[in-house]
$ cat upload30.pdb   # PDB, C-alpha atoms and all ligand atoms
ATOM      1  CA  MET A   1       0.000   0.000   0.000  1.00  0.00           C
ATOM      2  CA  MET A   2       2.786   2.347   0.919  1.00  0.00           C
ATOM      3  CA  ALA A   3       4.647   1.669  -2.314  1.00  0.00           C
ATOM      4  CA  SER A   4       1.633   2.206  -4.543  1.00  0.00           C
ATOM      5  CA  SER A   5       0.489   5.379  -2.801  1.00  0.00           C
ATOM      6  CA  SER A   6       3.989   6.868  -2.756  1.00  0.00           C
ATOM      7  CA  SER A   7       4.577   6.120  -6.459  1.00  0.00           C
ATOM      8  CA  TYR A   8       1.169   7.604  -7.258  1.00  0.00           C
ATOM      9  CA  ASN A   9       1.977  10.822  -5.420  1.00  0.00           C
ATOM     10  CA  SER A  10       5.649  11.115  -6.271  1.00  0.00           C
ATOM     11  CA  PRO A  11       6.556  13.959  -8.599  1.00  0.00           C
ATOM     12  CA  CYS A  12       7.991  13.241 -12.038  1.00  0.00           C
ATOM     13  CA  ALA A  13      11.763  13.247 -12.423  1.00  0.00           C
ATOM     14  CA  ALA A  14      11.716  16.786 -13.816  1.00  0.00           C
ATOM     15  CA  CYS A  15       9.673  18.330 -11.009  1.00  0.00           C
ATOM     16  CA  LYS A  16      11.637  16.404  -8.408  1.00  0.00           C
ATOM     17  CA  PHE A  17      14.923  17.683  -9.811  1.00  0.00           C
ATOM     18  CA  LEU A  18      13.606  21.236 -10.133  1.00  0.00           C
ATOM     19  CA  ARG A  19      12.120  20.986  -6.633  1.00  0.00           C
ATOM     20  CA  ARG A  20       8.659  22.033  -7.634  1.00  0.00           C
ATOM     21  CA  LYS A  21       5.204  20.592  -7.208  1.00  0.00           C
ATOM     22  CA  CYS A  22       4.237  18.164  -9.960  1.00  0.00           C
ATOM     23  CA  LEU A  23       0.725  19.274 -10.857  1.00  0.00           C
ATOM     24  CA  SER A  24      -1.690  17.148 -12.813  1.00  0.00           C
ATOM     25  CA  GLY A  25      -1.138  17.812 -16.504  1.00  0.00           C
ATOM     26  CA  CYS A  26       2.598  18.389 -15.970  1.00  0.00           C
ATOM     27  CA  ILE A  27       4.131  18.420 -19.451  1.00  0.00           C
ATOM     28  CA  PHE A  28       7.141  16.380 -18.279  1.00  0.00           C
ATOM     29  CA  ALA A  29       5.343  13.761 -16.220  1.00  0.00           C
ATOM     30  CA  PRO A  30       4.445  11.246 -18.990  1.00  0.00           C
ATOM     31  CA  TYR A  31       7.999  11.193 -20.331  1.00  0.00           C
ATOM     32  CA  PHE A  32      10.203  11.581 -17.261  1.00  0.00           C
ATOM     33  CA  PRO A  33       9.101   8.983 -14.709  1.00  0.00           C
ATOM     34  CA  PRO A  34      10.598   9.293 -11.221  1.00  0.00           C
ATOM     35  CA  GLN A  35      12.234   5.859 -11.654  1.00  0.00           C
ATOM     36  CA  ASP A  36      14.618   7.248 -14.276  1.00  0.00           C
ATOM     37  CA  PRO A  37      16.015  10.521 -12.904  1.00  0.00           C
ATOM     38  CA  GLN A  38      19.163  10.434 -15.071  1.00  0.00           C
ATOM     39  CA  LYS A  39      17.115  10.838 -18.249  1.00  0.00           C
ATOM     40  CA  PHE A  40      15.915  14.280 -17.149  1.00  0.00           C
ATOM     41  CA  ILE A  41      19.264  15.252 -15.631  1.00  0.00           C
ATOM     42  CA  ASN A  42      21.007  14.670 -18.987  1.00  0.00           C
ATOM     43  CA  VAL A  43      18.338  16.470 -21.008  1.00  0.00           C
ATOM     44  CA  HIS A  44      18.303  19.401 -18.585  1.00  0.00           C
ATOM     45  CA  LYS A  45      22.088  19.650 -18.584  1.00  0.00           C
ATOM     46  CA  ILE A  46      22.363  19.757 -22.381  1.00  0.00           C
ATOM     47  CA  PHE A  47      19.161  21.494 -23.514  1.00  0.00           C
ATOM     48  CA  GLY A  48      17.769  23.168 -20.404  1.00  0.00           C
ATOM     49  CA  ALA A  49      14.436  22.316 -18.795  1.00  0.00           C
ATOM     50  CA  SER A  50      12.610  25.395 -20.087  1.00  0.00           C
ATOM     51  CA  ASN A  51      13.702  24.719 -23.677  1.00  0.00           C
ATOM     52  CA  VAL A  52      12.546  21.121 -23.386  1.00  0.00           C
ATOM     53  CA  GLY A  53       9.202  22.279 -21.961  1.00  0.00           C
ATOM     54  CA  LYS A  54       8.783  24.759 -24.819  1.00  0.00           C
ATOM     55  CA  LEU A  55       9.666  22.127 -27.410  1.00  0.00           C
ATOM     56  CA  LEU A  56       7.161  19.660 -25.924  1.00  0.00           C
ATOM     57  CA  ASN A  57       4.447  22.297 -26.108  1.00  0.00           C
ATOM     58  CA  GLU A  58       5.274  22.994 -29.749  1.00  0.00           C
ATOM     59  CA  VAL A  59       4.991  19.401 -30.991  1.00  0.00           C
ATOM     60  CA  LEU A  60       1.781  17.396 -31.232  1.00  0.00           C
ATOM     61  CA  PRO A  61       0.991  15.172 -28.249  1.00  0.00           C
ATOM     62  CA  HIS A  62       1.522  11.943 -30.207  1.00  0.00           C
ATOM     63  CA  GLN A  63       5.004  13.157 -31.214  1.00  0.00           C
ATOM     64  CA  ARG A  64       6.159  14.066 -27.723  1.00  0.00           C
ATOM     65  CA  GLU A  65       7.416  10.653 -26.694  1.00  0.00           C
ATOM     66  CA  ASP A  66       9.581  10.407 -29.822  1.00  0.00           C
ATOM     67  CA  ALA A  67      10.822  13.958 -29.266  1.00  0.00           C
ATOM     68  CA  VAL A  68      11.794  13.180 -25.664  1.00  0.00           C
ATOM     69  CA  ASN A  69      13.473   9.922 -26.655  1.00  0.00           C
ATOM     70  CA  SER A  70      15.578  11.650 -29.291  1.00  0.00           C
ATOM     71  CA  LEU A  71      16.453  14.494 -26.903  1.00  0.00           C
ATOM     72  CA  ALA A  72      17.447  11.947 -24.255  1.00  0.00           C
ATOM     73  CA  TYR A  73      19.559  10.031 -26.773  1.00  0.00           C
ATOM     74  CA  GLU A  74      21.326  13.148 -27.975  1.00  0.00           C
ATOM     75  CA  ALA A  75      21.817  14.448 -24.439  1.00  0.00           C
ATOM     76  CA  GLU A  76      23.301  11.159 -23.214  1.00  0.00           C
ATOM     77  CA  ALA A  77      25.661  11.032 -26.198  1.00  0.00           C
ATOM     78  CA  ARG A  78      26.715  14.650 -25.562  1.00  0.00           C
ATOM     79  CA  VAL A  79      27.315  13.963 -21.872  1.00  0.00           C
ATOM     80  CA  ARG A  80      29.498  10.977 -22.749  1.00  0.00           C
ATOM     81  CA  ASP A  81      31.310  12.701 -25.590  1.00  0.00           C
ATOM     82  CA  PRO A  82      31.288  16.493 -25.176  1.00  0.00           C
ATOM     83  CA  VAL A  83      33.092  17.018 -28.496  1.00  0.00           C
ATOM     84  CA  TYR A  84      31.171  14.860 -30.969  1.00  0.00           C
ATOM     85  CA  GLY A  85      28.000  13.830 -29.131  1.00  0.00           C
ATOM     86  CA  SER A  86      25.634  11.732 -31.232  1.00  0.00           C
ATOM     87  CA  VAL A  87      27.641  12.623 -34.362  1.00  0.00           C
ATOM     88  CA  GLY A  88      30.466  10.535 -32.909  1.00  0.00           C
ATOM     89  CA  VAL A  89      28.127   7.543 -32.606  1.00  0.00           C
ATOM     90  CA  ILE A  90      26.774   8.064 -36.129  1.00  0.00           C
ATOM     91  CA  SER A  91      30.223   8.303 -37.726  1.00  0.00           C
ATOM     92  CA  PHE A  92      31.444   5.265 -35.758  1.00  0.00           C
ATOM     93  CA  LEU A  93      28.477   3.251 -37.068  1.00  0.00           C
ATOM     94  CA  GLN A  94      28.980   4.645 -40.574  1.00  0.00           C
ATOM     95  CA  ARG A  95      32.591   3.425 -40.577  1.00  0.00           C
ATOM     96  CA  GLN A  96      31.379   0.046 -39.336  1.00  0.00           C
ATOM     97  CA  VAL A  97      28.820  -0.136 -42.160  1.00  0.00           C
ATOM     98  CA  ASP A  98      31.523   0.749 -44.703  1.00  0.00           C
ATOM     99  CA  ARG A  99      33.857  -1.922 -43.326  1.00  0.00           C
ATOM    100  CA  LEU A 100      31.131  -4.577 -43.282  1.00  0.00           C
ATOM    101  CA  GLN A 101      30.131  -3.637 -46.836  1.00  0.00           C
ATOM    102  CA  LYS A 102      33.728  -4.187 -47.961  1.00  0.00           C
ATOM    103  CA  ASP A 103      33.818  -7.557 -46.137  1.00  0.00           C
ATOM    104  CA  LEU A 104      30.552  -8.536 -47.808  1.00  0.00           C
ATOM    105  CA  ASP A 105      31.829  -7.494 -51.240  1.00  0.00           C
ATOM    106  CA  SER A 106      34.999  -9.519 -50.807  1.00  0.00           C
ATOM    107  CA  ALA A 107      33.043 -12.552 -49.521  1.00  0.00           C
ATOM    108  CA  ASN A 108      30.735 -12.335 -52.544  1.00  0.00           C
ATOM    109  CA  ALA A 109      33.764 -12.108 -54.848  1.00  0.00           C
ATOM    110  CA  ASP A 110      35.212 -15.238 -53.178  1.00  0.00           C
ATOM    111  CA  LEU A 111      31.911 -17.060 -53.668  1.00  0.00           C
ATOM    112  CA  ILE A 112      31.838 -16.206 -57.355  1.00  0.00           C
ATOM    113  CA  ARG A 113      35.439 -17.390 -57.746  1.00  0.00           C
ATOM    114  CA  TYR A 114      34.734 -20.691 -55.917  1.00  0.00           C
ATOM    115  CA  ARG A 115      31.646 -21.334 -58.024  1.00  0.00           C
ATOM    116  CA  ARG A 116      33.666 -20.937 -61.214  1.00  0.00           C
ATOM    117  CA  ASN A 117      36.291 -23.431 -59.993  1.00  0.00           C
ATOM    118  CA  THR A 118      33.776 -26.027 -58.793  1.00  0.00           C
ATOM    119  CA  THR A 119      33.563 -29.398 -60.577  1.00  0.00           C
ATOM    120  CA  PRO A 120      30.149 -30.987 -61.278  1.00  0.00           C
ATOM    121  CA  SER A 121      28.364 -31.912 -58.064  1.00  0.00           C
ATOM    122  CA  SER A 122      28.246 -35.725 -58.516  1.00  0.00           C
ATOM    123  CA  ARG A 123      32.008 -35.933 -58.955  1.00  0.00           C
ATOM    124  CA  LEU A 124      32.574 -33.466 -56.136  1.00  0.00           C
ATOM    125  CA  SER A 125      30.434 -35.410 -53.670  1.00  0.00           C
ATOM    126  CA  SER A 126      32.146 -38.706 -54.495  1.00  0.00           C
ATOM    127  CA  ILE A 127      35.472 -37.051 -53.775  1.00  0.00           C
ATOM    128  CA  GLN A 128      34.470 -35.150 -50.676  1.00  0.00           C
ATOM    129  CA  LEU A 129      32.109 -37.642 -49.054  1.00  0.00           C
ATOM    130  CA  PRO A 130      33.732 -41.104 -49.062  1.00  0.00           C
ATOM    131  CA  PRO A 131      31.121 -43.529 -47.640  1.00  0.00           C
ATOM    132  CA  TYR A 132      33.315 -44.917 -44.877  1.00  0.00           C
ATOM    133  CA  VAL A 133      33.627 -41.497 -43.265  1.00  0.00           C
ATOM    134  CA  TYR A 134      29.936 -41.464 -42.520  1.00  0.00           C
ATOM    135  CA  HIS A 135      29.539 -45.170 -41.845  1.00  0.00           C
ATOM    136  CA  ASN A 136      28.837 -44.629 -38.145  1.00  0.00           C
ATOM    137  CA  ASN A 137      26.291 -41.946 -38.900  1.00  0.00           C
ATOM    138  CA  VAL A 138      24.170 -43.934 -41.308  1.00  0.00           C
ATOM    139  CA  ASN A 139      21.092 -43.596 -39.125  1.00  0.00           C
ATOM    140  CA  ASN A 140      21.481 -39.866 -38.897  1.00  0.00           C
ATOM    141  CA  ARG A 141      22.410 -39.326 -42.509  1.00  0.00           C
ATOM    142  CA  PRO A 142      20.223 -41.512 -44.702  1.00  0.00           C
ATOM    143  CA  TRP A 143      21.527 -39.827 -47.843  1.00  0.00           C
ATOM    144  CA  ASN A 144      24.966 -41.323 -47.192  1.00  0.00           C
ATOM    145  CA  CYS A 145      23.704 -44.864 -46.597  1.00  0.00           C
ATOM    146  CA  HIS A 146      25.566 -47.614 -48.489  1.00  0.00           C
ATOM    147  CA  TYR A 147      22.429 -49.650 -49.106  1.00  0.00           C
ATOM    148  CA  PRO A 148      19.443 -47.508 -49.946  1.00  0.00           C
ATOM    149  CA  SER A 149      16.401 -49.255 -48.486  1.00  0.00           C
ATOM    150  CA  ASN A 150      14.110 -48.088 -51.245  1.00  0.00           C
ATOM    151  CA  ASN A 151      13.919 -45.609 -54.075  1.00  0.00           C
ATOM    152  CA  SER A 152      11.352 -43.342 -52.451  1.00  0.00           C
ATOM    153  CA  ARG A 153      14.065 -41.517 -50.523  1.00  0.00           C
ATOM    154  CA  GLY A 154      15.360 -40.203 -53.806  1.00  0.00           C
ATOM    155  CA  GLY A 155      18.812 -39.578 -52.456  1.00  0.00           C
ATOM    156  CA  GLY A 156      17.769 -37.290 -49.624  1.00  0.00           C
ATOM    157  CA  GLY A 157      16.557 -33.966 -50.879  1.00  0.00           C
ATOM    158  CA  ASP A 158      17.632 -32.139 -47.756  1.00  0.00           C
ATOM    159  CA  GLY A 159      21.216 -33.230 -48.041  1.00  0.00           C
ATOM    160  CA  GLY A 160      22.390 -29.972 -49.500  1.00  0.00           C
ATOM    161  CA  GLY A 161      25.434 -30.657 -51.633  1.00  0.00           C
ATOM    162  CA  SER A 162      24.992 -34.438 -51.691  1.00  0.00           C
ATOM    163  CA  GLY A 163      22.173 -34.514 -54.214  1.00  0.00           C
ATOM    164  CA  GLY A 164      24.303 -36.403 -56.721  1.00  0.00           C
ATOM    165  CA  ILE A 165      24.346 -39.664 -54.744  1.00  0.00           C
TER     166      ILE A 165
HETATM  167 ZN    ZN B 201       6.159  16.992 -13.197  1.00  0.00          ZN
END
$ encode --input "upload30.pdb" --output "structure tokens"
Amino acid sequence: MMASSSSYNSPCAACKFLRRKCLSGCIFAPYFPPQDPQKFINVHKIFGASNVGKLLNEVLPHQREDAVNSLAYEAEARVRDPVYGSVGVISFLQRQVDRLQKDLDSANADLIRYRRNTTPSSRLSSIQLPPYVYHNNVNNRPWNCHYPSNNSRGGGGDGGGSGGI
């Protein structure tokens, strides 16, 4: 009972930090719950509480949560990195995307090269999958079985590269 009544009456993080009474209809209350005081502290430090209040009043109610989330993200990034802020995060991720794109391009180039050098699949599978290697796994790998029990299996369609057997 005590917990529920105290959380019901407790001011939002903004009003608590600013040491003022949190009235019903407080513009900050829906977006700065008392459980997360750091969110308001960051936003207040970087943008200023009155600017944030003005901005919230200028945007439509259904846009306010997104506005607060982006302010909080930018403020946290600026607190962590006073020089680059969120731009530092964006350029770090951009470099990562560039590097991964290069890795992907080179992997695709390797794939194309391997495909060109590949021999026909039936010959390849007889070279790469000698039956004795899989002798102990016959029950798990029906497509490698020495003695096919019937023709309905059709060589095991789910065997990937072993379709030639
Ligand atoms: Zn409030």
$ residues_around --input "upload30.pdb" --residues "range 15-22 of chain A" --least-positions-apart "2" --cutoff "12 Å" --atoms "only C-alpha atoms" --output "MDAnalysis selection string"
chainID A and resid 8:13 24:45 48:50 53
$ atom_distance --input "upload30.pdb" --atom1 "CA of Arg115 in chain A" --atom2 "CA of Gln96 in chain A"
28.4 Å
$ atom_distance --input "upload30.pdb" --atom1 "CA of Ala14 in chain A" --atom2 "CA of Val68 in chain A"
12.4 Å
$ closest_residue --input "upload30.pdb" --among "A:Phe47, A:Ala109, A:Glu58, A:Ser91" --to "Ala72 in chain A" --atoms "only C-alpha atoms"
A:Phe47
$ closest_residue --input "upload30.pdb" --among "A:Leu71, A:Leu111, A:Val83, A:Ile90" --to "Val52 in chain A" --atoms "all atoms listed in the file"
A:Leu71
$ atom_distance --input "upload30.pdb" --atom1 "CA of Tyr73 in chain A" --atom2 "CA of Pro61 in chain A"
19.3 Å
